[in-house]
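Enquirer: Have a look at this one.
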Amino acid sequence: MSQVTIESILQEKRLFHPSPEFSQKARIKSLDEYRQLYEKAKADPQTFWAELAEKELHWFQKWDTVLDWQPPFARWFVNGKINISYNCLDRHLATWRRNKAALIWEGEPGDSRTLTYAQLHREVCQFANVLKQLGVQKGDRVGIYMPMIPEAAIAMLACARIGAPHSVVFGGFSAEALRDRLIDAEAKLVVTADGGWRKDAIVPLKDQVDKALSNNTVPSVQNVLVIKRTGQTISMQPGRDHWWHDLQAGASAHCPAEPMDSEDMLFILYTSGSTGKPKGVVHTTGGYNLYTHMTTQWIFDLRDDDVYWCTADVGWITGHSYIVYGPLSNGATTLMYEGAPRPSNPGCFWDVIEKYGVNIFYTAPTAIRAFIKMGEHLPRARDLSSLRLLGTVGEPINPEAWMWYYKVIGGERCPIVDTWWQTETGGIMITPLPGAIPTKPGSATLPFPGILADVVDLEGNSVGTNEGGYLAVQHPWPGMMRTVYGDPDRFRRTYWEHIPPRDGHYTYFAGDGARRDEDGYFWVMGRVDDVINVAGHRLGTMEIESALVSHPAVAEAAVVGKPDELKGQDIVAFVTLEGNHSPSDALLKELKEHVVQEIGAIARPGEIRFADALPKTRSGKIMRRLLRSLAAGEEVSGDVSTLEDRSVLEKLRQGGA
Ligand code: WT7
């Protein structure tokens, strides 16, 4: 990471305590209280989680074993029967929350909608009946490729209600990427919209679905359900495609929630790794429900009159856990915004906060850095006094951005929760509890109760204070992923064997580098594998390389991340060409566009450098460390003795071919 250097964090000594008023009203009120909870959970994790599961969630039938741990495979609340849609909706209907706003939605063109718990429940039940009518049964996978509209959340909850695992694919992914995911998940039905608004333009979602399904490449998909959002003409394939409003109107609003086994799959969400195709991260029902419920409650310190806003897209895990499931399970009011800051409306986030009196605001460091650039005058021109808590997620936050967020957005009165977690962890793992844990700019602070996080070497030994190492977790937790869909072996290899198991004791390897300071605070430094984080979006270098070499002009490609002031990292691709092609600006543009076609705009390389050859070791491995240094414009240092052909390095240094 460019912003988070070891030097800068070792110098970071500022400590920010929550105000006494904040702590007094907080869910967890003091460092002592946090420590007690932490020690209690550490001493007996099963009792800790079981007590919360009993108190906080509705179960159709209680479990008989809290945890069955056959490393690395965990089962939580074994034989318990539960439905997360019931916990998010039905149980609130019997209380005063029935007519409380569950979902506030602000659309991009300025339209808006509020759904109470009763209304959301009704819509979800109808949607669930539409799915059933189209033949979706318990266990069938449903693809969701949607803009940020209430129907995205409704579709997810409807799937959960009938026990059909959903697989949400971010609306910014290309038709190719969508196709790969639908094939892997063997989706039976796809829910989409005619289009979505993104930065003043229409994203043609239905066209992309048509492309993804063309030539019957995804034979499992029998039906496509289309929500009308943008209204342009689209093609509808008779028999396969259905307008949602046609079916929803006639659907019954009665649909009891299916009692699911605690370990039944709730969803698959694809994420990039360092090798191969994106993997389908599998989350199940009971443990995920409990973990997102508790983390939302304690970390966002929810109160019943709060308006809570997480700016993520539902296509990412943050949207799953902290727009939909966690907040609704707690009976909170969750805000969903279709728009994004753009030149025509750079102050739109602050407008939304003022308009709805948002109390809790959760966004990404890359967004904060963009706001800094856009200027203080934008937030200063709005009334942000409703805010009482701020959060960040997705990448390390540089202390400068943290301080700006604290002062300009939080008015120096709002604690900041810098939350470290991953698609795989299901929920937040390392974070301040805002009324209890003093914060340091740039540190995610301490692990959530029940999370035995550590910084270790590759033998699994804890490293010393302020020494760099690998972020690891020592004990299973309820929200952890259960497997890679269809590939349990990949699950074991990717997460549980980097640190060799000892005496049947397995350690979860997160893929991040970290260190712990003298107060035990965690400082996450970024990925240690071939995953790059561009504006909070996770991309595998190998995925982008595969996209590049699928172009006929490309012989070889190597992709690395380089530090970027705004996005955290940007993509740099080193490319060698097939003999009959030569470098040109036109080809450069074409290759960038090709990657967008193959993966999506989030993967567009910031830079492509043509080269005669790539630096390789004698055994033929591309020396990425060298390329990373070159991309960052640094002197190539360290050992280059394994480099096969030194002239390659000279040429690359001079700017390539
Ligand atoms: C990777 C996970 C889960 C939320 C969204 C991203 C990085 C995430 C932080 C943070 C430093 C962070 C890590 C992690 N990351 N949050 N607060 N501080 N790094 O989910 O796409 O699964 O990516 O994001 O590198 O491994 P994801």
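Every chain in the structure tokens has a letter given in the order shown (A, B, ...), and although residue numbers restart at 1 in each chain, ligands are simply numbered from 1 in the order shown.
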Per residue of segment 196-296 of chain A within 7 Å of segment 163-171 of chain A, record the nearest atom pair and its distance in Å to one decimal, counting only C-alpha atoms, with rows in chain order and ascending residue number, as a tab-separated table.
Expert:
```
residue	atom	partner	partner_atom	distance
A:Glu258	CA	A:Gly163	CA	6.5
A:Met260	CA	A:Gly163	CA	6.7
A:Met265	CA	A:Pro165	CA	6.0
A:Leu266	CA	A:Pro165	CA	4.9
A:Phe267	CA	A:Pro165	CA	4.6
A:Ile268	CA	A:Ser167	CA	4.9
A:Leu269	CA	A:Ser167	CA	5.6
```
Enquirer: Mind listing the residues within 7 Å of ligand 1, only C-alpha atoms and all ligand atoms counted, as number ranges by chain?
Expert: A: 271, 317-318, 392-397, 418-424, 444, 510-512, 524-527, 533, 536-538
Enquirer: From the options A:Phe371, A:Tyr495, A:Phe77, A:Phe349, which residue's atoms come nearest to Val281 of chain A, counting only C-alpha atoms?
Expert: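 Smallest separation from Val281 of chain A among the options: A:Tyr495.
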Enquirer: Given the choices A:Val358, A:Leu31, A:Val282, A:Val636, which gets closest to Leu446 of chain A if the distance is worked out from only C-alpha atoms?
Expert: A:Leu31
Enquirer: Using only C-alpha atoms, which residue out of A:Val534, A:Ile84, A:Leu652, A:Val455 lies closest to Glu263 of chain A?
Expert: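 Among the listed residues, A:Ile84 lies closest to Glu263 of chain A.
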Enquirer: As a PyMOL selection string, please: every residue in segment 226-423 of chain A that a backbone DSSP assignment puts in strand (DSSP E).
Expert: chain A and resi 226-227+241-243+260-261+265-271+279-284+307-310+333-337+360-363+389-393+416-419
Enquirer: Env of Asn216 of chain A: 12 Å cut, atoms = only C-alpha atoms, seq-sep filter 6 positions within chain, self excluded. Answer as a ChimeraX atom specification.
Expert: /A:179,183,209-210,222,240
Enquirer: Go ahead and save the residues from that selection, with C-alpha atoms, as a CSV table (one decimal), in the first residue's frame.
Expert:
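Below is the file part.csv, written as the result:
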```
chain,number,residue,atom,x,y,z
A,179,ARG,CA,-21.7,-16.5,-17.3
A,183,ILE,CA,-22.2,-21.9,-14.7
A,209,VAL,CA,-27.8,-11.5,-19.1
A,210,ASP,CA,-28.8,-12.3,-22.7
A,222,GLN,CA,-34.6,-22.0,-17.1
A,240,ARG,CA,-37.7,-17.9,-20.6
```
Enquirer: Write out as a PyMOL selection string the set of residues from segment 477-622 of chain A that DSSP, computed on the backbone, places in alpha helix (DSSP H).
Expert: chain A and resi 488-496+541-549+585-598
